[in-house]
Structure formats: C-alpha cells, structure tokens
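Text of data.txt, listed as compact mmCIF, C-alpha atoms:
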```txt
# COMPACT_ATOMS: atom_id res chain seq x y z
CA MET A 287 0.00 0.00 0.00
CA THR A 288 1.39 3.31 -0.99
CA GLU A 289 2.12 5.63 1.86
CA LEU A 290 0.86 9.15 1.54
CA HIS A 291 3.24 11.82 2.66
CA PRO A 292 2.05 15.27 3.51
CA SER A 293 3.00 17.86 0.98
CA PRO A 294 5.76 20.12 2.13
CA SER A 295 4.75 23.51 3.42
CA PRO A 296 5.45 26.51 1.30
CA ALA A 297 8.12 27.58 3.75
CA THR A 298 10.10 24.38 3.11
CA VAL A 299 9.90 24.51 -0.65
CA THR A 300 13.14 25.75 -2.08
CA THR A 301 12.63 27.37 -5.39
CA PRO A 302 15.80 27.70 -7.37
CA PRO A 303 16.59 31.34 -8.13
CA PRO A 304 15.80 32.39 -11.62
CA PRO A 305 18.80 32.46 -13.87
CA LYS A 306 20.39 35.86 -14.13
CA PRO A 307 19.92 37.40 -17.47
CA ALA A 308 23.09 37.50 -19.40
CA LEU A 309 24.51 40.98 -19.63
CA ALA A 310 24.60 42.26 -23.11
CA PRO A 311 28.14 42.94 -24.15
CA THR A 312 28.99 46.61 -24.29
CA PRO A 313 29.01 47.55 -27.91
CA LYS A 314 32.40 48.68 -28.99
CA PRO A 315 32.48 51.82 -31.06
CA ALA A 316 33.10 51.35 -34.68
CA GLY A 317 36.67 51.67 -35.76
CA ARG A 318 36.26 55.07 -37.34
CA TRP A 319 34.52 56.53 -34.28
CA ARG A 320 37.17 55.10 -31.97
CA LEU A 321 39.82 56.68 -34.17
CA LEU A 322 37.94 60.00 -34.09
CA ARG A 323 37.83 59.93 -30.29
CA TRP A 324 41.55 59.38 -29.96
CA ALA A 325 42.38 61.89 -32.68
CA ALA A 326 40.28 64.73 -31.22
CA TRP A 327 42.95 66.25 -28.97
CA PRO A 328 45.95 65.67 -31.27
CA VAL A 329 44.08 67.32 -34.14
CA TYR A 330 43.02 70.23 -31.96
CA PHE A 331 46.52 70.92 -30.62
CA THR A 332 48.07 70.48 -34.05
CA LEU A 333 45.73 73.09 -35.52
CA LEU A 334 46.27 75.43 -32.57
CA ALA A 335 50.07 75.11 -32.83
CA ARG A 336 50.01 75.68 -36.57
CA TRP A 337 47.75 78.72 -36.28
CA THR A 338 49.88 80.17 -33.47
CA TYR A 339 53.04 79.64 -35.50
CA ASP A 340 51.56 81.51 -38.46
CA ASN A 341 49.65 84.25 -36.65
CA GLY A 342 50.97 84.54 -33.10
CA LEU A 343 48.99 84.04 -29.92
CA ALA A 344 45.22 84.56 -30.08
CA TYR A 345 44.64 87.82 -28.21
CA THR A 346 41.25 88.83 -29.58
CA GLU A 347 38.02 87.83 -27.88
CA ASP A 348 36.56 86.26 -31.00
CA LEU A 349 39.59 84.03 -31.55
CA VAL A 350 39.83 83.10 -27.87
CA PHE A 351 36.16 82.10 -27.98
CA LEU A 352 36.63 80.03 -31.12
CA TRP A 353 39.61 78.12 -29.70
CA LEU A 354 37.80 77.56 -26.39
CA ILE A 355 34.75 76.23 -28.21
CA GLY A 356 37.09 73.99 -30.19
CA ALA A 357 38.62 72.67 -26.96
CA LEU A 358 35.21 71.92 -25.48
CA LEU A 359 34.18 70.13 -28.67
CA ALA A 360 37.40 68.11 -28.63
CA ALA A 361 36.77 67.15 -25.00
CA ALA A 362 33.23 66.03 -25.83
CA VAL A 363 34.37 63.94 -28.79
CA HIS A 364 37.32 62.41 -26.92
CA GLY A 365 35.09 61.50 -23.97
CA GLY A 366 32.57 59.80 -26.24
CA GLU A 367 29.84 62.01 -24.83
CA GLY A 368 27.68 61.87 -27.92
CA TRP A 369 26.19 64.40 -30.25
CA ARG A 370 23.89 65.86 -27.57
CA ARG A 371 26.83 67.04 -25.46
CA THR A 372 28.54 68.38 -28.54
CA LEU A 373 25.48 70.41 -29.48
CA LEU A 374 25.26 71.74 -25.92
CA VAL A 375 28.66 73.32 -26.42
CA LEU A 376 27.34 75.30 -29.36
CA ARG A 377 24.06 76.08 -27.61
CA ASP A 378 25.74 77.59 -24.57
CA TRP A 379 28.81 79.25 -26.09
CA VAL A 380 27.82 80.67 -29.46
CA PRO A 381 25.26 83.07 -27.87
CA VAL A 382 27.88 84.16 -25.32
CA MET A 383 30.32 84.86 -28.11
CA ALA A 384 27.66 86.88 -29.91
CA VAL A 385 26.91 88.94 -26.79
CA VAL A 386 30.58 89.73 -26.20
CA TRP A 387 31.10 90.63 -29.86
CA THR A 388 28.07 92.93 -29.70
CA TYR A 389 29.51 94.64 -26.63
CA SER A 390 32.81 95.16 -28.43
CA LEU A 391 31.02 96.72 -31.40
CA LEU A 392 28.96 98.99 -29.15
CA ARG A 393 32.08 99.93 -27.24
CA GLY A 394 33.59 101.27 -30.45
CA TYR A 395 30.48 103.29 -31.25
CA GLY A 396 30.51 104.58 -27.67
CA ALA A 397 33.64 106.60 -28.48
CA HIS A 398 31.56 109.00 -30.58
CA THR A 399 29.68 110.85 -27.86
CA PRO A 400 28.51 114.47 -28.18
CA TRP A 401 30.44 115.46 -25.03
CA LEU A 402 34.17 115.71 -24.52
CA PRO A 403 36.07 113.10 -22.50
CA HIS A 404 36.81 113.90 -18.86
CA LEU A 405 40.24 114.24 -17.33
CA ARG A 406 40.29 116.77 -14.48
CA PRO A 407 38.56 114.64 -11.79
CA GLN A 408 40.83 111.63 -12.37
CA LEU A 409 43.94 113.79 -12.67
CA ALA A 410 43.13 115.72 -9.48
CA PHE A 411 42.50 112.52 -7.52
CA ASP A 412 45.66 110.79 -8.69
CA THR A 413 47.81 113.89 -8.28
CA ALA A 414 46.65 114.26 -4.68
CA LEU A 415 47.20 110.54 -4.08
CA GLY A 416 50.70 110.79 -5.56
CA PHE A 417 51.66 113.94 -3.60
CA GLY A 418 51.85 116.23 -6.61
CA ARG A 419 52.51 113.70 -9.40
CA THR A 420 50.44 110.84 -10.71
CA TRP A 421 51.58 107.36 -9.75
CA THR A 422 52.01 106.49 -13.42
CA VAL A 423 54.63 109.20 -13.78
CA ARG A 424 56.31 108.22 -10.51
CA LEU A 425 56.48 104.51 -11.31
CA GLN A 426 57.71 104.93 -14.86
CA HIS A 427 60.41 107.43 -13.87
CA ALA A 428 61.56 105.05 -11.13
CA LEU A 429 61.31 101.69 -12.88
CA TYR A 430 61.05 101.91 -16.66
CA THR A 431 63.97 102.16 -19.07
CA PRO A 432 62.83 102.87 -22.64
CA GLY A 433 64.35 100.40 -25.07
CA ALA A 434 65.59 98.05 -22.35
CA ALA A 435 62.78 96.01 -20.83
CA HIS A 436 63.36 94.43 -17.41
CA TRP A 437 62.00 91.15 -16.12
CA TYR A 438 59.18 92.92 -14.30
CA ASP A 439 58.17 94.61 -17.55
CA TYR A 440 57.61 91.21 -19.13
CA ALA A 441 55.76 90.09 -16.01
CA ALA A 442 53.53 93.17 -16.29
CA VAL A 443 52.81 92.39 -19.95
CA THR A 444 51.86 88.81 -19.01
CA VAL A 445 49.47 90.03 -16.32
CA TYR A 446 47.96 92.58 -18.69
CA MET A 447 47.38 90.03 -21.45
CA SER A 448 45.65 87.60 -19.06
CA HIS A 449 42.68 89.96 -19.25
CA PHE A 450 41.85 88.69 -22.73
CA PHE A 451 41.40 85.03 -21.82
CA MET A 452 41.34 84.42 -18.04
CA VAL A 453 37.58 84.79 -17.52
CA PHE A 454 36.81 82.73 -20.61
CA VAL A 455 39.09 79.86 -19.54
CA LEU A 456 37.47 79.79 -16.10
CA LEU A 457 34.03 79.79 -17.70
CA ALA A 458 35.04 76.84 -19.87
CA VAL A 459 36.26 74.88 -16.83
CA LEU A 460 33.05 75.61 -14.94
CA TRP A 461 30.97 74.62 -17.96
CA ARG A 462 32.55 71.18 -17.84
CA ARG A 463 32.36 70.75 -14.05
CA ASN A 464 29.47 72.78 -12.66
CA HIS A 465 26.95 74.28 -15.05
CA ALA A 466 25.14 76.23 -12.32
CA ARG A 467 28.35 78.02 -11.33
CA PHE A 468 29.10 78.58 -15.01
CA ARG A 469 25.83 80.46 -15.39
CA HIS A 470 26.50 82.37 -12.16
CA LEU A 471 29.94 83.59 -13.24
CA LEU A 472 28.68 84.31 -16.74
CA GLY A 473 25.91 86.51 -15.34
CA CYS A 474 28.43 88.44 -13.23
CA TYR A 475 30.80 88.84 -16.17
CA LEU A 476 28.15 90.12 -18.58
CA ALA A 477 26.68 92.48 -15.97
CA VAL A 478 30.08 94.03 -15.22
CA THR A 479 30.88 94.28 -18.93
CA TYR A 480 27.69 96.08 -19.93
CA ALA A 481 27.74 98.31 -16.84
CA GLY A 482 31.20 99.37 -17.96
CA PHE A 483 29.94 100.08 -21.47
CA LEU A 484 27.12 102.27 -20.16
CA THR A 485 29.63 104.25 -18.11
CA TYR A 486 31.89 104.70 -21.13
CA VAL A 487 29.02 106.32 -22.98
CA LEU A 488 27.96 108.58 -20.11
CA TYR A 489 31.45 109.38 -18.83
CA PRO A 490 34.20 109.08 -21.46
CA ALA A 491 37.53 109.37 -19.67
CA VAL A 492 41.09 110.09 -20.77
CA PRO A 493 43.71 107.44 -19.81
CA PRO A 494 47.17 108.40 -18.51
CA TRP A 495 49.00 107.74 -21.78
CA MET A 496 46.68 110.15 -23.61
CA ALA A 497 47.03 112.75 -20.85
CA GLY A 498 50.79 112.56 -21.27
CA ALA A 499 50.52 112.90 -25.05
CA GLN A 500 48.30 115.98 -24.62
CA GLY A 501 50.76 117.63 -22.25
CA ASP A 502 48.49 117.43 -19.21
CA THR A 503 51.09 115.28 -17.39
CA ALA A 504 54.71 114.42 -17.95
CA PRO A 505 55.14 112.16 -21.00
CA VAL A 506 54.62 108.47 -20.26
CA THR A 507 54.93 105.27 -22.29
CA ARG A 508 52.37 102.57 -23.02
CA ILE A 509 54.64 99.88 -21.71
CA VAL A 510 52.73 96.85 -23.01
CA GLY A 511 53.04 97.90 -26.64
CA ASP A 512 56.61 99.08 -26.19
CA VAL A 513 57.79 95.83 -24.58
CA LEU A 514 56.09 93.68 -27.20
CA ALA A 515 57.69 95.76 -29.94
CA GLN A 516 61.11 95.21 -28.35
CA ALA A 517 60.41 91.49 -28.22
CA GLU A 518 59.48 91.55 -31.93
CA LEU A 519 56.02 90.17 -31.18
CA PRO A 520 52.79 91.42 -32.70
CA ARG A 521 51.04 93.88 -30.48
CA ALA A 522 48.99 91.85 -28.04
CA ALA A 523 45.74 93.74 -28.24
CA SER A 524 42.24 92.85 -29.24
CA VAL A 525 41.05 93.67 -32.75
CA PHE A 526 38.01 95.10 -30.99
CA GLU A 527 40.32 97.77 -29.56
CA ASP A 528 42.52 98.31 -32.59
CA GLY A 529 40.02 98.10 -35.42
CA SER A 530 38.50 101.33 -36.68
CA ARG A 531 34.95 100.29 -35.76
CA PHE A 532 35.90 99.03 -32.31
CA ALA A 533 38.43 101.60 -31.10
CA ASN A 534 37.58 103.57 -27.99
CA ASP A 535 40.61 105.24 -26.46
CA VAL A 536 38.51 107.04 -23.85
CA ALA A 537 36.93 103.90 -22.34
CA ALA A 538 38.97 104.19 -19.16
CA MET A 539 36.39 104.65 -16.40
CA PRO A 540 35.83 102.07 -14.96
CA SER A 541 38.77 99.80 -15.68
CA LEU A 542 37.41 96.42 -16.75
CA HIS A 543 41.00 95.16 -16.70
CA ALA A 544 40.81 95.77 -12.94
CA ALA A 545 37.17 94.73 -12.49
CA TYR A 546 37.54 91.20 -13.90
CA PRO A 547 40.36 90.05 -11.54
CA MET A 548 38.40 91.41 -8.58
CA LEU A 549 35.29 89.59 -9.81
CA ILE A 550 37.26 86.35 -10.11
CA ALA A 551 38.60 86.76 -6.57
CA LEU A 552 35.15 87.43 -5.13
CA PHE A 553 33.55 84.56 -7.00
CA PHE A 554 36.02 81.82 -6.05
CA TRP A 555 37.02 83.08 -2.60
CA PRO A 556 34.34 81.23 -0.52
CA THR A 557 35.35 77.79 -1.80
CA ALA A 558 39.08 78.37 -2.31
CA THR A 559 41.89 76.86 -0.25
CA ARG A 560 44.38 79.06 1.55
CA ARG A 561 46.97 78.78 -1.23
CA VAL A 562 44.43 79.58 -3.90
CA ARG A 563 43.26 82.58 -1.89
CA VAL A 564 46.78 83.96 -1.97
CA LEU A 565 46.64 83.86 -5.78
CA LEU A 566 43.13 85.29 -5.83
CA ALA A 567 44.26 88.23 -3.71
CA ALA A 568 47.49 88.76 -5.66
CA TYR A 569 45.88 88.84 -9.10
CA PRO A 570 43.83 92.07 -8.68
CA LEU A 571 46.80 93.79 -7.03
CA ALA A 572 49.20 92.71 -9.77
CA MET A 573 46.76 93.90 -12.43
CA ALA A 574 46.29 97.23 -10.65
CA PHE A 575 50.05 97.80 -10.53
CA THR A 576 50.37 96.84 -14.19
CA LEU A 577 47.64 99.22 -15.32
CA VAL A 578 49.03 102.22 -13.42
CA TYR A 579 52.66 101.45 -14.27
CA GLY A 580 51.80 100.79 -17.91
CA ALA A 581 49.90 104.12 -18.28
CA GLU A 582 46.64 102.37 -19.15
CA HIS A 583 44.54 103.62 -16.23
CA PHE A 584 44.54 106.10 -13.38
CA VAL A 585 44.24 104.78 -9.84
CA ILE A 586 40.67 106.10 -9.61
CA ASP A 587 39.71 104.06 -12.71
CA ILE A 588 40.87 100.91 -10.94
CA LEU A 589 39.06 101.71 -7.69
CA VAL A 590 35.81 102.32 -9.55
CA GLY A 591 36.29 99.04 -11.45
CA TRP A 592 36.66 97.23 -8.13
CA VAL A 593 33.49 98.86 -6.82
CA TYR A 594 31.60 97.72 -9.92
CA ALA A 595 32.83 94.15 -9.39
CA VAL A 596 31.85 94.09 -5.70
CA VAL A 597 28.38 95.59 -6.20
CA ILE A 598 27.49 93.48 -9.24
CA HIS A 599 28.82 90.26 -7.73
CA ARG A 600 26.71 90.78 -4.63
CA GLY A 601 23.63 91.65 -6.67
CA VAL A 602 23.90 88.71 -9.06
CA THR A 603 24.72 86.30 -6.22
CA ARG A 604 21.69 87.45 -4.27
CA LEU A 605 19.51 86.97 -7.35
CA VAL A 606 20.93 83.48 -7.96
CA ARG A 607 20.29 82.45 -4.36
CA ARG A 608 16.77 83.85 -4.42
CA ARG A 609 15.94 81.90 -7.57
CA ALA A 610 17.43 78.72 -6.10
CA ALA A 611 15.35 79.17 -2.93
CA GLY A 612 12.22 79.70 -5.03
CA ARG A 613 12.85 76.50 -6.99
CA ALA A 614 13.36 74.61 -3.73
CA LEU A 615 10.07 75.90 -2.32
CA ARG A 616 8.21 74.94 -5.47
CA ALA A 617 9.73 71.46 -5.31
CA VAL A 618 8.50 70.79 -1.75
CA PRO A 619 4.78 70.28 -2.64
CA ALA A 620 5.72 67.94 -5.46
CA VAL A 621 7.92 65.84 -3.16
CA ARG A 622 5.21 65.76 -0.49
CA HIS A 623 2.65 64.68 -3.06
CA ARG A 624 4.86 61.78 -4.18
CA GLU A 625 5.40 60.72 -0.56
CA LEU A 626 1.64 60.64 0.07
CA LEU A 627 1.04 58.56 -3.04
CA SER A 628 3.72 56.04 -2.10
CA ALA A 629 2.74 55.75 1.58
CA PRO A 630 1.14 52.37 2.55
CA ARG A 631 -2.59 52.45 3.16
```
As structure tokens, the full file:
Amino acid sequence: MTELHPSPSPATVTTPPPPKPALAPTPKPAGRWRLLRWAAWPVYFTLLARWTYDNGLAYTEDLVFLWLIGALLAAAVHGGEGWRRTLLVLRDWVPVMAVVWTYSLLRGYGAHTPWLPHLRPQLAFDTALGFGRTWTVRLQHALYTPGAAHWYDYAAVTVYMSHFFMVFVLLAVLWRRNHARFRHLLGCYLAVTYAGFLTYVLYPAVPPWMAGAQGDTAPVTRIVGDVLAQAELPRAASVFEDGSRFANDVAAMPSLHAAYPMLIALFFWPTATRRVRVLLAAYPLAMAFTLVYGAEHFVIDILVGWVYAVVIHRGVTRLVRRRAAGRALRAVPAVRHRELLSAPR
C-alpha cells in the first residue's frame, strides 16, 4: 500500500533562483569613431600650434572664444559624450560669443559721444594721491627704461594680457564641471561688462597715456606695446580695440581690466583653499600695478572698477540664491505629493 506523505509547506519549498539574465556585451564603437575619439585632442593641438606659429597668440576675444569652443568640442568627442553634449557646447557658447562681440562693437560706437572726454577729476584725484605727481609718472620714472625692458616689464605684460582670456578659460572649466556656477559667473561677467559700457558712454575718460601725449602730465609710455615691440612680437591687443569700428581710447572709467580680476577673486574666494586665496588676492593687485605702471589707467579708474565688481557680484549672487530658494520651495509640494502617493494604506 502506498504511503501518503504530507505535501511540504510553502516555507520548506526551495525554489531555485531564476537564472540571471546575461549581460549584453557593451558595444564597442566602430573603428572610425574610436579613431575619431583618440584623434580629437591631437588634431586640436596640431591646428592650434600651426595657427599660433603663423599668426601669433590669439589675443582677440573672437579668436579666444573660437579656440575655447574647439577645446570643449574636442573634450566632448574624446570622452565619447555623444552628439547631444557636442550640441550643448554650441548652444551655450555661441550666444555668449555673440553677446561679447556685440559689446565690443557697441564699445567702439561709444567713443563717438557728443560730449568731450573727462580728465580733471581723475587727474586731481591721482595727483593728490601721488603727492603732486600721478603714480604712473612716478612709477615709470623710477622703474622703466625705454628700449631696455626688465623682467618685471615682461611680467607686467603677461598680467595685462591675461585679461583677454582668463575669464573665458574659467568659464570653460566651470561649464565642464558645474553648469550652475558657469551660469552664475557668466551673469556676473556680462553684468560688469555692460555696466562698464554704459559708463563709457555717459562718462568718457582720458587714460594716462593720452594725458601725457596731450601735455596734461609728464610724458609716459604705453609699456605693453613698447615691450612687445622690443620682443618683436605682434602687439597683443584685441582687434576690438585696434580696429576702426571698435576703437575707444577714452573707455577708461571704470577699468574692466581691474574689475575682472576682482570679480574672479570674489567669486572663487568662498570655496578656495588658503593657497588659492593667496593667488586670488594677488591677481587684482598685480593687475592694478600693471595698469598704473603701464599708463593704461589712473588709480581712480581701478578703484571704480573694483566697486563695480563688488556691487554686481553681490547683486547677481543674491539673485541666484533667491531663484534657487524659489525653486526649492516649489519642489516641496511635489515631493510631499509623491510621498503621500507612495505611503502604505
């Protein structure tokens, strides 16, 4: 007689685990795309080296923008980030380039105002600060030797030329690493730039080198151009400043050369290490010395540029924080709604 055994309880039944689905092999990029990825940076640097050899360093804003966009595109291709990331480079940077180019064009037209450029207020301030002589005259008479550039003259030229690319390089780095901070710094940069343009229109101002040429001060030298000529290099100046449509020799108040380093220092200071803070503090001071020593700006131009940077940085930062807080408040009801829907009943 067959014995009947009770069926095992569900707890004792051991069900073998379902077989794990086989992972699909990662598709390898086609040979030509793999070659394109690895060739992106070599091609970029080869073109940059060739162009620099034929034309000299890229000092103009339009060329700096083009080479930066090229670097971002090369990074996207080399990283295999796809066409979407590549198109984002063009979406974010081409409009910025257009805005900066428009400013440069307007800056040139701003030279043709119906009122004469101002000199007496700046000259009086700097003369009082320099105890009877402007600091440009004092520094050049003490340090500069026409026709024989010293090491600190080359250092001053290097600091001066950093104006044409420093902000753009930092924007490119932030674009890759932190898009929110990229937009924050970009807003500060554009606000300072266009505030400066508006001031150039309302208050055209004579720079020290022009005051010396007019006989209002002792003769002084534009050291940047003089040193570069001695070094047999092309004059390191933007086409927006040298071209007939873009020239504005009386765009001295405020000094954007001074405002941008101060803006950089203010922007990165809260998150910077102690060593980086030393550099952040030294950069505006080195630029200020360079501008006064090189006869590009009076001291008062630099101080006003710093004030513009401080005020605009605070204003834009407050606006950015307010918008972030508003987005966070709007997100709270949506999160609460999802929690209620997912709660067990």
*Got a sec: who's within 7 Å of stretch 484-493 of chain A, counting only C-alpha atoms, leaving out chain neighbours fewer than 2 positions off, as a ChimeraX atom specification?*
/A:396,399,403-405,480-482,495-497,536-539,582-584
*Could you name the residues that touch stretch 371-376 of chain A at 9 Å or less, counting all atoms listed in the file, but leaving out those on the same chain fewer than 4 positions away, as JSON, numbers by chain?*
{"A": [355, 358, 359, 360, 362, 363, 367, 380, 381, 461]}
*Counting all atoms listed in the file, select every polymer residue within 10 Å of (43.9, 69.0, -33.1) as defined in the file's coordinates, and provide the selection as a list of chain:residue names.*
A:Ala325, A:Ala326, A:Trp327, A:Pro328, A:Val329, A:Tyr330, A:Phe331, A:Thr332, A:Leu333, A:Leu334, A:Ala335, A:Arg336, A:Gly356, A:Ala357, A:Ala360
Contacts of stretch 569-620 of chain A with stretch 542-548 of chain A up to 7 Å, shortest pair per row, all atoms listed in the file, as a tab-separated table:
```
residue	atom	partner	partner_atom	distance
A:Tyr569	CA	A:Pro547	CA	6.2
A:Pro570	CA	A:Pro547	CA	4.9
A:Met573	CA	A:Ala544	CA	6.3
A:Ala574	CA	A:Ala544	CA	6.1
A:Ile588	CA	A:Ala544	CA	5.5
A:Gly591	CA	A:Ala545	CA	4.5
A:Trp592	CA	A:Ala545	CA	5.1
A:Tyr594	CA	A:Ala545	CA	6.8
A:Ala595	CA	A:Ala545	CA	5.4
```
Export, as a CSV table (one decimal), in the coordinates of the input, the selected residues with C-alpha atoms.
```csv
chain,number,residue,atom,x,y,z
A,569,TYR,CA,45.9,88.8,-9.1
A,570,PRO,CA,43.8,92.1,-8.7
A,573,MET,CA,46.8,93.9,-12.4
A,574,ALA,CA,46.3,97.2,-10.6
A,588,ILE,CA,40.9,100.9,-10.9
A,591,GLY,CA,36.3,99.0,-11.4
A,592,TRP,CA,36.7,97.2,-8.1
A,594,TYR,CA,31.6,97.7,-9.9
A,595,ALA,CA,32.8,94.2,-9.4
```
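Here atom CA of A:Ala384 and atom CA of A:Val455 stand 17.0 Å from one another.
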